[in-house]
>>> print(open('entry-v7.json').read())   # JSON, N, CA and C atoms
[["chain", "number", "residue", "atom", "x", "y", "z"],
["J", 1, "MET", "N", -2.09, -36.19, -19.99],
["J", 1, "MET", "CA", -1.32, -36.21, -21.21],
["J", 1, "MET", "C", -0.95, -34.76, -21.55],
["J", 2, "GLU", "N", 0.27, -34.56, -21.94],
["J", 2, "GLU", "CA", 0.79, -33.25, -22.25],
["J", 2, "GLU", "C", 0.50, -32.88, -23.71],
["J", 3, "ASN", "N", 0.05, -31.66, -23.90],
["J", 3, "ASN", "CA", -0.20, -31.19, -25.26],
["J", 3, "ASN", "C", 1.12, -30.85, -25.94],
["J", 4, "THR", "N", 1.24, -31.26, -27.17],
["J", 4, "THR", "CA", 2.41, -30.88, -27.93],
["J", 4, "THR", "C", 1.99, -29.84, -28.96],
["J", 5, "GLY", "N", 2.78, -28.84, -29.08],
["J", 5, "GLY", "CA", 2.47, -27.78, -30.03],
["J", 5, "GLY", "C", 3.07, -28.09, -31.40],
["J", 6, "THR", "N", 2.52, -27.48, -32.37],
["J", 6, "THR", "CA", 3.07, -27.59, -33.71],
["J", 6, "THR", "C", 3.44, -26.20, -34.20],
["J", 7, "HIS", "N", 4.31, -26.16, -35.13],
["J", 7, "HIS", "CA", 4.65, -24.89, -35.75],
["J", 7, "HIS", "C", 4.87, -25.13, -37.23],
["J", 8, "PRO", "N", 4.67, -24.10, -38.03],
["J", 8, "PRO", "CA", 4.84, -24.28, -39.47],
["J", 8, "PRO", "C", 6.29, -24.61, -39.81],
["J", 9, "TRP", "N", 6.45, -25.52, -40.74],
["J", 9, "TRP", "CA", 7.78, -25.88, -41.21],
["J", 9, "TRP", "C", 8.13, -24.97, -42.36],
["J", 10, "ASP", "N", 9.33, -24.44, -42.36],
["J", 10, "ASP", "CA", 9.79, -23.57, -43.43],
["J", 10, "ASP", "C", 11.04, -24.17, -44.02],
["J", 11, "ALA", "N", 10.98, -24.51, -45.30],
["J", 11, "ALA", "CA", 12.12, -25.14, -45.97],
["J", 11, "ALA", "C", 13.37, -24.27, -45.88],
["J", 12, "ALA", "N", 13.20, -22.96, -45.89],
["J", 12, "ALA", "CA", 14.36, -22.06, -45.84],
["J", 12, "ALA", "C", 15.20, -22.30, -44.59],
["J", 13, "ASP", "N", 14.58, -22.72, -43.50],
["J", 13, "ASP", "CA", 15.32, -22.99, -42.26],
["J", 13, "ASP", "C", 16.20, -24.22, -42.37],
["J", 14, "SER", "N", 15.92, -25.10, -43.32],
["J", 14, "SER", "CA", 16.67, -26.35, -43.47],
["J", 14, "SER", "C", 17.77, -26.27, -44.52],
["J", 15, "LEU", "N", 17.82, -25.17, -45.24],
["J", 15, "LEU", "CA", 18.80, -25.03, -46.32],
["J", 15, "LEU", "C", 20.06, -24.36, -45.78],
["J", 16, "LYS", "N", 20.90, -25.14, -45.14],
["J", 16, "LYS", "CA", 22.07, -24.62, -44.44],
["J", 16, "LYS", "C", 23.34, -24.67, -45.29],
["J", 17, "THR", "N", 23.50, -25.71, -46.09],
["J", 17, "THR", "CA", 24.74, -25.88, -46.84],
["J", 17, "THR", "C", 24.49, -25.75, -48.35],
["J", 18, "GLU", "N", 25.57, -25.54, -49.07],
["J", 18, "GLU", "CA", 25.48, -25.46, -50.53],
["J", 18, "GLU", "C", 24.93, -26.77, -51.10],
["J", 19, "GLU", "N", 25.33, -27.89, -50.51],
["J", 19, "GLU", "CA", 24.85, -29.19, -50.98],
["J", 19, "GLU", "C", 23.34, -29.32, -50.76],
["J", 20, "ASP", "N", 22.85, -28.84, -49.62],
["J", 20, "ASP", "CA", 21.41, -28.86, -49.35],
["J", 20, "ASP", "C", 20.66, -28.06, -50.41],
["J", 21, "ILE", "N", 21.18, -26.89, -50.71],
["J", 21, "ILE", "CA", 20.53, -25.99, -51.65],
["J", 21, "ILE", "C", 20.50, -26.58, -53.06],
["J", 22, "VAL", "N", 21.65, -27.09, -53.50],
["J", 22, "VAL", "CA", 21.72, -27.67, -54.85],
["J", 22, "VAL", "C", 20.78, -28.87, -54.96],
["J", 23, "ALA", "N", 20.76, -29.74, -53.97],
["J", 23, "ALA", "CA", 19.88, -30.91, -54.01],
["J", 23, "ALA", "C", 18.41, -30.49, -54.01],
["J", 24, "TYR", "N", 18.07, -29.48, -53.24],
["J", 24, "TYR", "CA", 16.69, -29.00, -53.14],
["J", 24, "TYR", "C", 16.21, -28.43, -54.48],
["J", 25, "VAL", "N", 17.01, -27.56, -55.07],
["J", 25, "VAL", "CA", 16.64, -26.96, -56.35],
["J", 25, "VAL", "C", 16.64, -28.02, -57.45],
["J", 26, "ASP", "N", 17.61, -28.91, -57.43],
["J", 26, "ASP", "CA", 17.67, -29.98, -58.43],
["J", 26, "ASP", "C", 16.42, -30.86, -58.36],
["J", 27, "ALA", "N", 15.97, -31.16, -57.16],
["J", 27, "ALA", "CA", 14.75, -31.98, -57.00],
["J", 27, "ALA", "C", 13.53, -31.24, -57.56],
["J", 28, "ALA", "N", 13.48, -29.94, -57.37],
["J", 28, "ALA", "CA", 12.36, -29.16, -57.91],
["J", 28, "ALA", "C", 12.37, -29.20, -59.44],
["J", 29, "PHE", "N", 13.55, -29.04, -60.03],
["J", 29, "PHE", "CA", 13.64, -29.12, -61.49],
["J", 29, "PHE", "C", 13.33, -30.52, -61.99],
["J", 30, "GLU", "N", 13.75, -31.52, -61.24],
["J", 30, "GLU", "CA", 13.46, -32.91, -61.62],
["J", 30, "GLU", "C", 11.95, -33.16, -61.66],
["J", 31, "ASP", "N", 11.23, -32.57, -60.71],
["J", 31, "ASP", "CA", 9.78, -32.71, -60.68],
["J", 31, "ASP", "C", 9.15, -32.07, -61.91],
["J", 32, "GLY", "N", 9.68, -30.91, -62.29],
["J", 32, "GLY", "CA", 9.22, -30.25, -63.51],
["J", 32, "GLY", "C", 8.04, -29.31, -63.37],
["J", 33, "ASP", "N", 7.50, -29.17, -62.18],
["J", 33, "ASP", "CA", 6.36, -28.26, -61.96],
["J", 33, "ASP", "C", 6.89, -26.83, -61.83],
["J", 34, "PRO", "N", 6.53, -25.93, -62.75],
["J", 34, "PRO", "CA", 7.03, -24.56, -62.69],
["J", 34, "PRO", "C", 6.74, -23.86, -61.36],
["J", 35, "ALA", "N", 5.59, -24.10, -60.77],
["J", 35, "ALA", "CA", 5.26, -23.48, -59.48],
["J", 35, "ALA", "C", 6.18, -23.99, -58.38],
["J", 36, "LEU", "N", 6.51, -25.28, -58.43],
["J", 36, "LEU", "CA", 7.42, -25.86, -57.44],
["J", 36, "LEU", "C", 8.83, -25.30, -57.60],
["J", 37, "ILE", "N", 9.26, -25.13, -58.84],
["J", 37, "ILE", "CA", 10.59, -24.56, -59.11],
["J", 37, "ILE", "C", 10.66, -23.13, -58.56],
["J", 38, "ALA", "N", 9.64, -22.33, -58.84],
["J", 38, "ALA", "CA", 9.62, -20.95, -58.34],
["J", 38, "ALA", "C", 9.61, -20.93, -56.82],
["J", 39, "ALA", "N", 8.83, -21.81, -56.21],
["J", 39, "ALA", "CA", 8.76, -21.86, -54.75],
["J", 39, "ALA", "C", 10.10, -22.28, -54.16],
["J", 40, "ALA", "N", 10.76, -23.25, -54.78],
["J", 40, "ALA", "CA", 12.07, -23.70, -54.28],
["J", 40, "ALA", "C", 13.09, -22.57, -54.37],
["J", 41, "LEU", "N", 13.09, -21.84, -55.48],
["J", 41, "LEU", "CA", 14.00, -20.70, -55.58],
["J", 41, "LEU", "C", 13.67, -19.63, -54.55],
["J", 42, "GLY", "N", 12.39, -19.45, -54.28],
["J", 42, "GLY", "CA", 11.98, -18.51, -53.23],
["J", 42, "GLY", "C", 12.47, -18.95, -51.86],
["J", 43, "ASP", "N", 12.39, -20.25, -51.58],
["J", 43, "ASP", "CA", 12.88, -20.77, -50.30],
["J", 43, "ASP", "C", 14.38, -20.53, -50.16],
["J", 44, "VAL", "N", 15.12, -20.79, -51.23],
["J", 44, "VAL", "CA", 16.57, -20.58, -51.19],
["J", 44, "VAL", "C", 16.88, -19.09, -51.05],
["J", 45, "ALA", "N", 16.15, -18.25, -51.76],
["J", 45, "ALA", "CA", 16.37, -16.80, -51.65],
["J", 45, "ALA", "C", 16.13, -16.32, -50.23],
["J", 46, "ARG", "N", 15.08, -16.84, -49.59],
["J", 46, "ARG", "CA", 14.81, -16.45, -48.19],
["J", 46, "ARG", "C", 15.91, -16.97, -47.28],
["J", 47, "ALA", "N", 16.42, -18.17, -47.55],
["J", 47, "ALA", "CA", 17.49, -18.72, -46.73],
["J", 47, "ALA", "C", 18.76, -17.89, -46.85],
["J", 48, "ARG", "N", 19.00, -17.35, -48.02],
["J", 48, "ARG", "CA", 20.21, -16.55, -48.28],
["J", 48, "ARG", "C", 20.03, -15.08, -47.95],
["J", 49, "GLY", "N", 18.77, -14.65, -47.85],
["J", 49, "GLY", "CA", 18.48, -13.24, -47.59],
["J", 49, "GLY", "C", 17.88, -12.61, -48.83],
["J", 50, "MET", "N", 16.57, -12.44, -48.82],
["J", 50, "MET", "CA", 15.85, -11.97, -50.00],
["J", 50, "MET", "C", 16.34, -10.61, -50.48],
["J", 51, "THR", "N", 16.67, -9.72, -49.56],
["J", 51, "THR", "CA", 17.13, -8.39, -49.95],
["J", 51, "THR", "C", 18.42, -8.48, -50.75],
["J", 52, "ARG", "N", 19.35, -9.29, -50.26],
["J", 52, "ARG", "CA", 20.64, -9.44, -50.96],
["J", 52, "ARG", "C", 20.46, -10.11, -52.31],
["J", 53, "VAL", "N", 19.64, -11.17, -52.36],
["J", 53, "VAL", "CA", 19.40, -11.89, -53.61],
["J", 53, "VAL", "C", 18.74, -10.97, -54.63],
["J", 54, "ALA", "N", 17.75, -10.20, -54.20],
["J", 54, "ALA", "CA", 17.08, -9.27, -55.10],
["J", 54, "ALA", "C", 18.06, -8.26, -55.67],
["J", 55, "ALA", "N", 18.90, -7.71, -54.82],
["J", 55, "ALA", "CA", 19.90, -6.73, -55.28],
["J", 55, "ALA", "C", 20.87, -7.37, -56.27],
["J", 56, "ASP", "N", 21.35, -8.57, -55.95],
["J", 56, "ASP", "CA", 22.29, -9.27, -56.82],
["J", 56, "ASP", "C", 21.66, -9.63, -58.17],
["J", 57, "ALA", "N", 20.35, -9.86, -58.16],
["J", 57, "ALA", "CA", 19.64, -10.21, -59.39],
["J", 57, "ALA", "C", 19.16, -8.98, -60.15],
["J", 58, "GLY", "N", 19.31, -7.80, -59.55],
["J", 58, "GLY", "CA", 18.85, -6.57, -60.19],
["J", 58, "GLY", "C", 17.34, -6.43, -60.18],
["J", 59, "LEU", "N", 16.71, -6.97, -59.15],
["J", 59, "LEU", "CA", 15.25, -6.94, -59.03],
["J", 59, "LEU", "C", 14.86, -6.30, -57.70],
["J", 60, "GLY", "N", 13.66, -5.79, -57.62],
["J", 60, "GLY", "CA", 13.16, -5.26, -56.37],
["J", 60, "GLY", "C", 12.80, -6.39, -55.41],
["J", 61, "ARG", "N", 13.04, -6.17, -54.12],
["J", 61, "ARG", "CA", 12.77, -7.21, -53.13],
["J", 61, "ARG", "C", 11.30, -7.61, -53.13],
["J", 62, "GLU", "N", 10.40, -6.64, -53.09],
["J", 62, "GLU", "CA", 8.97, -6.96, -53.06],
["J", 62, "GLU", "C", 8.54, -7.66, -54.35],
["J", 63, "SER", "N", 9.10, -7.23, -55.46],
["J", 63, "SER", "CA", 8.80, -7.86, -56.75],
["J", 63, "SER", "C", 9.27, -9.31, -56.75],
["J", 64, "LEU", "N", 10.45, -9.54, -56.18],
["J", 64, "LEU", "CA", 10.98, -10.90, -56.14],
["J", 64, "LEU", "C", 10.13, -11.80, -55.24],
["J", 65, "TYR", "N", 9.73, -11.28, -54.08],
["J", 65, "TYR", "CA", 8.84, -12.05, -53.20],
["J", 65, "TYR", "C", 7.58, -12.47, -53.95],
["J", 66, "LYS", "N", 6.98, -11.49, -54.66],
["J", 66, "LYS", "CA", 5.74, -11.77, -55.37],
["J", 66, "LYS", "C", 5.97, -12.76, -56.51],
["J", 67, "THR", "N", 7.04, -12.59, -57.25],
["J", 67, "THR", "CA", 7.33, -13.47, -58.39],
["J", 67, "THR", "C", 7.57, -14.90, -57.95],
["J", 68, "LEU", "N", 8.23, -15.08, -56.81],
["J", 68, "LEU", "CA", 8.57, -16.43, -56.35],
["J", 68, "LEU", "C", 7.56, -16.98, -55.35],
["J", 69, "SER", "N", 6.41, -16.33, -55.22],
["J", 69, "SER", "CA", 5.37, -16.81, -54.32],
["J", 69, "SER", "C", 4.53, -17.88, -55.02],
["J", 70, "ALA", "N", 3.59, -18.44, -54.29],
["J", 70, "ALA", "CA", 2.74, -19.51, -54.82],
["J", 70, "ALA", "C", 2.00, -19.09, -56.08],
["J", 71, "GLY", "N", 1.56, -17.85, -56.16],
["J", 71, "GLY", "CA", 0.81, -17.39, -57.33],
["J", 71, "GLY", "C", 1.68, -16.76, -58.39],
["J", 72, "GLY", "N", 2.98, -16.66, -58.14],
["J", 72, "GLY", "CA", 3.88, -16.02, -59.09],
["J", 72, "GLY", "C", 4.11, -16.88, -60.32],
["J", 73, "ASN", "N", 4.54, -16.23, -61.37],
["J", 73, "ASN", "CA", 4.80, -16.94, -62.62],
["J", 73, "ASN", "C", 6.03, -16.31, -63.26],
["J", 74, "PRO", "N", 7.23, -16.60, -62.71],
["J", 74, "PRO", "CA", 8.43, -15.95, -63.23],
["J", 74, "PRO", "C", 8.77, -16.43, -64.64],
["J", 75, "GLY", "N", 9.26, -15.51, -65.44],
["J", 75, "GLY", "CA", 9.75, -15.86, -66.77],
["J", 75, "GLY", "C", 11.14, -16.46, -66.68],
["J", 76, "LEU", "N", 11.58, -17.01, -67.78],
["J", 76, "LEU", "CA", 12.90, -17.65, -67.82],
["J", 76, "LEU", "C", 14.00, -16.65, -67.49],
["J", 77, "ALA", "N", 13.90, -15.42, -67.97],
["J", 77, "ALA", "CA", 14.92, -14.42, -67.69],
["J", 77, "ALA", "C", 15.04, -14.17, -66.18],
["J", 78, "THR", "N", 13.91, -14.12, -65.50],
["J", 78, "THR", "CA", 13.93, -13.92, -64.04],
["J", 78, "THR", "C", 14.53, -15.12, -63.34],
["J", 79, "ILE", "N", 14.16, -16.32, -63.77],
["J", 79, "ILE", "CA", 14.71, -17.54, -63.18],
["J", 79, "ILE", "C", 16.24, -17.54, -63.31],
["J", 80, "ILE", "N", 16.74, -17.19, -64.48],
["J", 80, "ILE", "CA", 18.19, -17.17, -64.69],
["J", 80, "ILE", "C", 18.85, -16.12, -63.82],
["J", 81, "LYS", "N", 18.27, -14.93, -63.72],
["J", 81, "LYS", "CA", 18.83, -13.88, -62.86],
["J", 81, "LYS", "C", 18.89, -14.33, -61.41],
["J", 82, "VAL", "N", 17.81, -14.93, -60.94],
["J", 82, "VAL", "CA", 17.76, -15.38, -59.55],
["J", 82, "VAL", "C", 18.77, -16.49, -59.31],
["J", 83, "MET", "N", 18.84, -17.44, -60.24],
["J", 83, "MET", "CA", 19.79, -18.54, -60.07],
["J", 83, "MET", "C", 21.23, -18.03, -60.04],
["J", 84, "ARG", "N", 21.54, -17.08, -60.91],
["J", 84, "ARG", "CA", 22.90, -16.50, -60.89],
["J", 84, "ARG", "C", 23.17, -15.80, -59.56],
["J", 85, "ALA", "N", 22.18, -15.06, -59.08],
["J", 85, "ALA", "CA", 22.33, -14.36, -57.79],
["J", 85, "ALA", "C", 22.53, -15.35, -56.65],
["J", 86, "LEU", "N", 21.97, -16.55, -56.80],
["J", 86, "LEU", "CA", 22.11, -17.58, -55.77],
["J", 86, "LEU", "C", 23.37, -18.41, -55.94],
["J", 87, "GLY", "N", 24.12, -18.13, -57.00],
["J", 87, "GLY", "CA", 25.34, -18.91, -57.25],
["J", 87, "GLY", "C", 25.04, -20.25, -57.89],
["J", 88, "LEU", "N", 23.90, -20.34, -58.56],
["J", 88, "LEU", "CA", 23.50, -21.58, -59.23],
["J", 88, "LEU", "C", 23.46, -21.33, -60.73],
["J", 89, "ARG", "N", 23.52, -22.41, -61.49],
["J", 89, "ARG", "CA", 23.36, -22.26, -62.93],
["J", 89, "ARG", "C", 22.39, -23.29, -63.44],
["J", 90, "LEU", "N", 21.77, -22.93, -64.52],
["J", 90, "LEU", "CA", 20.80, -23.79, -65.18],
["J", 90, "LEU", "C", 21.53, -24.49, -66.31],
["J", 91, "ARG", "N", 21.43, -25.81, -66.37],
["J", 91, "ARG", "CA", 22.07, -26.52, -67.46],
["J", 91, "ARG", "C", 21.22, -27.69, -67.89],
["J", 92, "ALA", "N", 21.41, -28.10, -69.12],
["J", 92, "ALA", "CA", 20.63, -29.19, -69.67],
["J", 92, "ALA", "C", 21.35, -30.52, -69.44],
["J", 93, "ALA", "N", 20.55, -31.56, -69.23],
["J", 93, "ALA", "CA", 21.08, -32.91, -69.10],
["J", 93, "ALA", "C", 20.08, -33.84, -69.77],
["J", 94, "GLY", "N", 20.57, -34.88, -70.37],
["J", 94, "GLY", "CA", 19.69, -35.84, -71.02],
["J", 94, "GLY", "C", 18.90, -36.64, -69.98],
["J", 95, "THR", "N", 17.75, -37.11, -70.41],
["J", 95, "THR", "CA", 16.94, -37.97, -69.55],
["J", 95, "THR", "C", 17.24, -39.42, -69.88],
["J", 96, "GLU", "N", 16.95, -40.28, -68.96],
["J", 96, "GLU", "CA", 17.18, -41.71, -69.19],
["J", 96, "GLU", "C", 16.31, -42.24, -70.31],
["J", 97, "SER", "N", 15.15, -41.61, -70.49],
["J", 97, "SER", "CA", 14.23, -42.10, -71.52],
["J", 97, "SER", "C", 14.55, -41.56, -72.90],
["J", 98, "ALA", "N", 15.50, -40.62, -72.99],
["J", 98, "ALA", "CA", 15.85, -40.06, -74.28],
["J", 98, "ALA", "C", 16.65, -41.09, -75.08],
["J", 99, "ALA", "N", 16.17, -41.41, -76.24],
["J", 99, "ALA", "CA", 16.86, -42.38, -77.11],
["J", 99, "ALA", "C", 18.01, -41.68, -77.81],
["J", 100, "PRO", "N", 19.15, -42.34, -77.89],
["J", 100, "PRO", "CA", 20.27, -41.73, -78.62],
["J", 100, "PRO", "C", 19.93, -41.61, -80.10],
["J", 101, "GLU", "N", 20.46, -40.59, -80.70],
["J", 101, "GLU", "CA", 20.21, -40.36, -82.12],
["J", 101, "GLU", "C", 20.92, -41.44, -82.92],
["J", 102, "THR", "N", 20.23, -41.97, -83.90],
["J", 102, "THR", "CA", 20.85, -42.98, -84.76],
["J", 102, "THR", "C", 20.98, -42.40, -86.16],
["J", 103, "ARG", "N", 22.02, -42.78, -86.83],
["J", 103, "ARG", "CA", 22.24, -42.31, -88.19],
["J", 103, "ARG", "C", 22.10, -43.47, -89.14],
["J", 104, "ALA", "N", 21.49, -43.17, -90.24],
["J", 104, "ALA", "CA", 21.29, -44.22, -91.23],
["J", 104, "ALA", "C", 22.45, -44.34, -92.17]]
>>> encode(input="entry-v7.json", output="structure tokens")
Amino acid sequence: MENTGTHPWDAADSLKTEEDIVAYVDAAFEDGDPALIAAALGDVARARGMTRVAADAGLGRESLYKTLSAGGNPGLATIIKVMRALGLRLRAAGTESAAPETRA
């Protein structure tokens, strides 16, 4: 029987198109876990080139790596800067469970 090797899977390698990237980040926001959102943005930044994204966001490359790592805790201002640098925007949408406002 032949041995099969394994290698680590890196999400950044699978983010080839704009549609892939938008769906990936959207799914992270849908989940709502801040650590997952930061990690997803980090994956996209690596797919696009961390040095370029950091420069476009006005942040240091090493700082951005650390902020978007598993232990990082980026603030909203950083998230917005990174999303803009990635060509993404943050916007609000209603949830299905949100009841419409009623007026008396």
>>> closest_residue(input="entry-v7.json", among="J:Ala57, J:Thr51, J:Asp26, J:Ala93", to="Ala77 of chain J", atoms="only C-alpha atoms")
J:Ala57
>>> atom_distance(input="entry-v7.json", atom1="atom C of Glu96 of chain J", atom2="atom C of Ile21 of chain J")
23.7 Å
>>> atom_distance(input="entry-v7.json", atom1="atom CA of Ala70 of chain J", atom2="atom N of Pro34 of chain J")
10.9 Å
>>> atom_distance(input="entry-v7.json", atom1="atom N of Glu19 of chain J", atom2="atom CA of Ser63 of chain J")
26.7 Å
>>> closest_residue(input="entry-v7.json", among="J:Ile79, J:Asn3, J:Ala35, J:Arg48", to="Glu18 of chain J", atoms="only C-alpha atoms")
J:Arg48
>>> select_by_dssp(input="entry-v7.json", residues="chain J", states="helix (DSSP H, G or I)", output="MDAnalysis selection string")
chainID J and resid 11:14 18:31 34:48 50:57 61:67 76:85
>>> closest_residue(input="entry-v7.json", among="J:Leu59, J:Tyr65, J:Ser97, J:Gly71", to="Leu36 of chain J", atoms="only C-alpha atoms")
J:Gly71
>>> closest_residue(input="entry-v7.json", among="J:Gly87, J:Gly94, J:Gly60, J:Pro8", to="Leu41 of chain J", atoms="only C-alpha atoms")
J:Gly87
>>> closest_residue(input="entry-v7.json", among="J:Gly58, J:Ala38, J:Thr95, J:Ala47", to="Asp20 of chain J", atoms="only C-alpha atoms")
J:Ala47
>>> axis_aligned_box(input="entry-v7.json", around="segment 70-80 of chain J", padding_each_side="3 Å", output="JSON")
{"center_x": 9.8, "center_y": -16.7, "center_z": -61.1, "size_x": 24.0, "size_y": 11.6, "size_z": 19.7}
>>> closest_residue(input="entry-v7.json", among="J:Ala28, J:Asp43, J:Gly72, J:Val22", to="Asp10 of chain J", atoms="only C-alpha atoms")
J:Asp43
